[in-house]
Amino acid sequence: MRKNKIVQWVILLVIFIVGGYAIGSSFIDKDERGAEVGQISPTFQLADLQGEVISLSELKGKPIVLNFWGSFCEPCVREMPLISTMSEEYKEQDLVVIGVNLDEPKVVVNSFLRNNPVNYPILLDPNGKVRDRFEVVSYPTTFFINRDGEIDDIYVGELEQATLRARIEQVLR
Amino acid sequence: MIDNTKCECGHQNPVDTILCESCGKPLDPNDTLEDMTLPLEMRYDGVARRSQKANPNVLDRIWNFFSSVKVAIYLILITLIVSSLGTIYPQQSMFIGKMDFDTYYKENYGWTGSVYHFLGLSNTYDSWWFRGLLVMIGASLIICSLDRILPLYRALSKRAIRKHPTFLLRQRLRLDTQTIQGENISNFVPLLEKRNYRVYQEEGVLLAEKNRFSRWGPYINHIGLIIFLIACLLRSMFAYSLDFYAVQEGETKPIADTGYYMKNEDFNVTLHPDGKTVKAYVTKSILYKCVDNCDSPGKLPELKEVARHDIRINDPLKYRDLSLFNVDYDVTPSIIGANVQLTNLVTNAGIGKFKIDLFKPQEQYKVKDYVLDVMAYYPEVDLKDGKFFTKSTQPKAPAFVFLIKGPDMPAEGQVYLYFIRPIDKATYNQDLINERTGSKVKLEIGNMQDVSISEYTTYFNVTKDRTMPYIWVGAAISMIGLIMGFYWHHRRIWIQIEQGRLLLGAHTNKNWYGFRKEIAAVLNQSGVIQPLDDQQLINEVKQS
Amino acid sequence: MNLLTLSNTGFIVAIFGYIFSFVAFVIAITGQRFSKGDVITHTKRWSRRGIALTFFGLAAHLTYFISRWIYNHYPNSNLFEFMAMLAMLITVAFIVLYMIFKSPYLGAFAMPISFFMMAYASVFPWETKPLIPALQSVWLYVHVTTAALGEAFFAIGFAAGLMFLLRTINYHSKEKKDIKEQRGMELVMISFVIFLGFIIAVFGFRATGYEAKFIASPVASLSESAATEEIIYNLPPIFSPTGGKLVAMDSFLGIDKPVMESPSFFKGVNAARKLNTVVWSLFVGFVLYIVLRLLVRKPLGLTLQPLVRGLNPEDLDEISYRSIAIGYPIFTLGALIFAMIWAEIAWSRFWGWDPKEVWALISWLFYSFYLHVRLSRGWQGSYSSWLAVIGFIVIMFTLIGVNLVIAGLHSYAGV
């Protein structure tokens, strides 16, 4: 009888744990790689046009503006001079601005930047791996990451000076 | 009060036994005289179920809850109703990518849609409560089965041949009659054995039994279902899947997070003779594994071919636990490669050819003594405000600006505008512009064979999964159990002859009709009693 | 003779074969009154004729099936072909059960299911079409055929369950339970008459060549083909398509305009036309029902009751249960396991909660419910017969209703 009891407890316990897991896992977002406001930003390592690698995790502690763009995307191109100016303006306050190109060939990016120079690093994202990790589906998309590495805001669409400034001020805090 | 559970035959039964485990005499002291004519409750032959105990504690209560068939029936009913609610409107999981579902359901289905979404029915099958139902069904399957397998085993293995007369006469099929041939019970043996019965005999009594294994069918089925459910859970934990992974013809693309790359070498569609309906589509594919530089930015990964397959619908590429399924395709015409001829305009002599990969053009091309630097590249060229730009990353209308250096050319090089498609060449006056800069060379494509065109993009679903075999094993076991349980029937016949009186009781779990006919045939062939009609075997008292 | 003509002829001959076998079975069970000879010989003789005619019908049906198979492909890829196959398998299931129980009564109730199923099938377009790539798999034949065979046994279970109810419902009682049962039976009869109404409406207007034409509104269409589409009604439009424009309409009883526009929440392929058809079926069905009631002056269930008088209810219960017990493993294999195997090969996931899949699961759960409920005392007989009847309604909804009302991956499969 005693032995039976133990067997019964064990079976119930196993059902409880396995079942609990099955039920609990429905709460977990299936895409845990997702990038959402309030979450810790995914990290990446990408090379710029000169082949120099920039790693997001090494920039921890600094506020970051991460801009996804492509030369084929008109609003992206339009907002780049603004981002450039802002990058200059907030340089002293530790702000890091990074542009991630949306899987365009190096020659395309090169020739584009020759005609439209910017003063922040542009990284190449072959096959759009980082784009997918940040779940970027429309362009331009700009991520504002605070000093704790948390995503403070995501802005989809062309940035205007006031909106950009407000968001930068927000992550600088 | 402690019940006396000892039967008059001397067998000590566990508490709550309904029929004596040994002789089958009904043990319920509350049975009235009227009850005595009712057919017996023959489930598990009246053996006490594991969960039925006096003074239940918490453990017993939980156990009892899940071991009840009634609870199982309610669980099935609730799952059934909830599942049907989930089919009223499309589920969220049918959509790919992030969406604002609040607005979607509201705009498409009005306030009912809003309520549907609010109640969580738009995500029925992934919700915690639906999972909870499935877990409870799983628990019920396990505990119900455990709770019954042992008593059933006990009941079936305790094969006391001599039963209490009440046990016989209270079966659904029974007979109480006079023999015409005395006591020769062994007359039945060959007749029963011919019908595949196993016959056990004692003085004046016999038990014939067949297909006992079919009693295990439901439990084997339940074990299969449990394996199936656990395998489903494992699959949801470990399986990798990627939907609508698009690869253009001619493109080699990594499969995210797997370390594999695939190349869409060639894609073909064939039509039915009616010229409209698609008959088949095939993607000639190569699977590569990345062996080096897989995650080093700025370096090209090193790939090794591991598999090749012509993927069709219903015929995926399989390599180890990775599978690639064709699910759809799109017409996306673009130029993916060009073999360009460099010609000296003065002598009109060909200098040489060079190859451009339009997905990944080089920064510089060399042809003999000439060097061509790529100043700009527009995959899908367009003009706006006097400036060239690209409309997309797809090489649909590729255009280049080269800086060409070489013999007879200025030292700082000469700018050369080059459009691959003849139509763009004409639209943007390529030759005119280049003439104005005084170009001494020209770029052109000899014939169409020098251009590789990609017409289609194939969409794949990718899965990486080791759990499928367990799912099939579960399904197979379940199926075996069903077949055992439904296509064979456990039949038992008890016969006793004493002083010219024949008592017969018979029990089966299914197909009483066939069983009745069989028994009547055996009795009539034996010549032991007067011929009878099979209707006479039915216990007169109707079931409530 | 062309294979297709042979096939179509086989189909028609099969319908008549089944109707004649039905008549023979009815004579077997009722004709004793007219026959002068021995009742048992009479029943035996006409039962033998009935089953012979069933086999004849089945042979014709197989001719239809095989010649269409050779002509085009395995015929189960549109609603006409599927329903025709289901009718054939119902005949097969009936023969199996007849071999076990030798009951001509079963024939009198099962054969109508077969030939009405065929009449229903013939409402849908007969033309042969090439298979789209997704359907080019052996699993199409294996999955659909096995599932349909399981469903065919459920159909026989339904017929026997219905007989049990007709036999046992007490029409002379005013007790609550009996009144409920009488109403339930009448509801089953009404559904059956509406089903008939659908067939009559479609064939009636088809015979007159009725047609009304609309141009669909280009908006609100999720499908890629945004081009203007013509919608043709073969029944006079009570409901016009939402936002659709009337192009031409034959006048019907002086009405030459649609009565109203269909509500905008009816979405999906041809939703308005389906709604229109449903309304017509209901209308014709109710008219037919009223006419029948005026003719017999009592509930239809009561009218049929004398047919099954003298049957042993326990045997009917047994037939119903046996049929479902035979069908259940086949249905599990065909509608769930084979379906999963195919889905795994074609779509990369063995289960995707597509509405059709969910409804197959619901049907399976329902019959699991039935089988477990039968373990309890007091649930055999009347209750389980009701469940056998409801179960078949669930099956029919899974087969037809899901395509009619809910769209999904299986939507290419018909209507």
# chains A, B, ... in the order shown; residues from 1 in each chain; ligands from 1
$ interface_residues --of "chain A" --to "chain B" --cutoff "9 Å" --atoms "only C-alpha atoms" --output "PyMOL selection string"
chain A and resi 5+8-9+11-12+15-16+18-20+22-27+45-53+70-74+102-112+114+124-127+129+132+135+137
$ interface_residues --of "chain B" --to "chain C" --cutoff "8 Å" --atoms "only C-alpha atoms" --output "count of residues only"
41
$ closest_residue --among "C:Val92, C:Leu149, C:Ala59, C:Leu404" --to "Leu79 (chain C)" --atoms "only C-alpha atoms"
C:Leu404
$ select_by_dssp --residues "chain A" --states "strand (DSSP E)" --output "PyMOL selection string"
chain A and resi 45-47+53-55+64-69+96-101+122-124+141-145+151-156
$ atom_distance --atom1 "CA of Pro218 (chain B)" --atom2 "CA of Val199 (chain B)"
25.3 Å
$ residues_around --residues "Gly61 (chain A)" --least-positions-apart "5" --cutoff "8 Å" --atoms "only C-alpha atoms" --output "PyMOL selection string"
chain A and resi 146-149
$ write_last_selection --atoms "N, CA and C atoms" --output "PDB file, in the first residue's frame"
ATOM      1  N   ASN A 146      18.650  52.423 -24.750  1.00  0.00           N
ATOM      2  CA  ASN A 146      19.179  53.232 -23.650  1.00  0.00           C
ATOM      3  C   ASN A 146      20.472  52.640 -23.069  1.00  0.00           C
ATOM      4  N   ARG A 147      20.970  53.280 -22.042  1.00  0.00           N
ATOM      5  CA  ARG A 147      22.273  52.885 -21.490  1.00  0.00           C
ATOM      6  C   ARG A 147      22.263  51.474 -20.916  1.00  0.00           C
ATOM      7  N   ASP A 148      21.084  50.987 -20.554  1.00  0.00           N
ATOM      8  CA  ASP A 148      21.009  49.635 -19.995  1.00  0.00           C
ATOM      9  C   ASP A 148      20.860  48.565 -21.081  1.00  0.00           C
ATOM     10  N   GLY A 149      20.913  49.020 -22.315  1.00  0.00           N
ATOM     11  CA  GLY A 149      20.783  48.049 -23.401  1.00  0.00           C
ATOM     12  C   GLY A 149      19.334  47.686 -23.689  1.00  0.00           C
TER      13      GLY A 149
END
$ select_by_dssp --residues "region 109-334 of chain C" --states "alpha helix (DSSP H)" --output "ChimeraX atom specification"
/C:109-121,138-168,176-208,271-296,300-308,313-331
$ residues_around --residues "Pro63 (chain A)" --least-positions-apart "3" --cutoff "8 Å" --atoms "only C-alpha atoms" --output "ChimeraX atom specification"
/A:60,94-96,144-147,149,171-172
$ write_last_selection --atoms "N, CA and C atoms" --output "short mmCIF file (atom, residue, chain, number, x, y, z; two decimals), in the first residue's frame"
data_model
loop_
_atom_site.label_atom_id
_atom_site.label_comp_id
_atom_site.auth_asym_id
_atom_site.auth_seq_id
_atom_site.Cartn_x
_atom_site.Cartn_y
_atom_site.Cartn_z
N LYS A 60 27.81 48.73 -24.78
CA LYS A 60 26.91 48.78 -23.64
C LYS A 60 27.26 49.94 -22.70
N ASP A 94 27.89 61.25 -25.55
CA ASP A 94 28.06 59.79 -25.57
C ASP A 94 27.16 59.06 -26.56
N LEU A 95 26.31 59.79 -27.27
CA LEU A 95 25.36 59.10 -28.16
C LEU A 95 26.10 58.42 -29.31
N VAL A 96 25.72 57.16 -29.55
CA VAL A 96 26.29 56.42 -30.67
C VAL A 96 25.20 56.24 -31.71
N PHE A 144 15.80 52.99 -30.64
CA PHE A 144 16.48 53.83 -29.64
C PHE A 144 16.77 52.96 -28.43
N ILE A 145 18.06 52.74 -28.18
CA ILE A 145 18.46 51.83 -27.11
C ILE A 145 19.11 52.63 -25.99
N ASN A 146 18.65 52.42 -24.75
CA ASN A 146 19.18 53.23 -23.65
C ASN A 146 20.47 52.64 -23.07
N ARG A 147 20.97 53.28 -22.04
CA ARG A 147 22.27 52.89 -21.49
C ARG A 147 22.26 51.47 -20.92
N GLY A 149 20.91 49.02 -22.32
CA GLY A 149 20.78 48.05 -23.40
C GLY A 149 19.33 47.69 -23.69
N VAL A 171 16.54 58.78 -24.57
CA VAL A 171 17.52 57.72 -24.28
C VAL A 171 18.75 58.26 -23.56
N LEU A 172 18.98 59.57 -23.67
CA LEU A 172 20.16 60.13 -23.00
C LEU A 172 19.97 60.14 -21.49
#
$ residues_around --residues "Ala93 (chain C)" --least-positions-apart "6" --cutoff "8 Å" --atoms "only C-alpha atoms" --output "number ranges by chain"
C: 149, 152-153, 156
$ write_last_selection --atoms "N, CA and C atoms" --output "compact mmCIF listing (two decimals), in the first residue's frame"
# COMPACT_ATOMS: atom_id res chain seq x y z
N LEU C 149 -14.45 5.92 -46.04
CA LEU C 149 -14.95 4.59 -45.67
C LEU C 149 -15.39 4.60 -44.20
N ALA C 152 -18.58 6.29 -44.02
CA ALA C 152 -19.65 5.46 -44.56
C ALA C 152 -20.21 4.55 -43.47
N PHE C 153 -19.33 3.99 -42.65
CA PHE C 153 -19.81 3.14 -41.54
C PHE C 153 -20.60 3.98 -40.53
N ILE C 156 -24.07 4.29 -41.78
CA ILE C 156 -24.91 3.13 -41.49
C ILE C 156 -25.30 3.14 -40.01
$ atom_distance --atom1 "CA of Met409 (chain B)" --atom2 "CA of Leu345 (chain B)"
11.8 Å
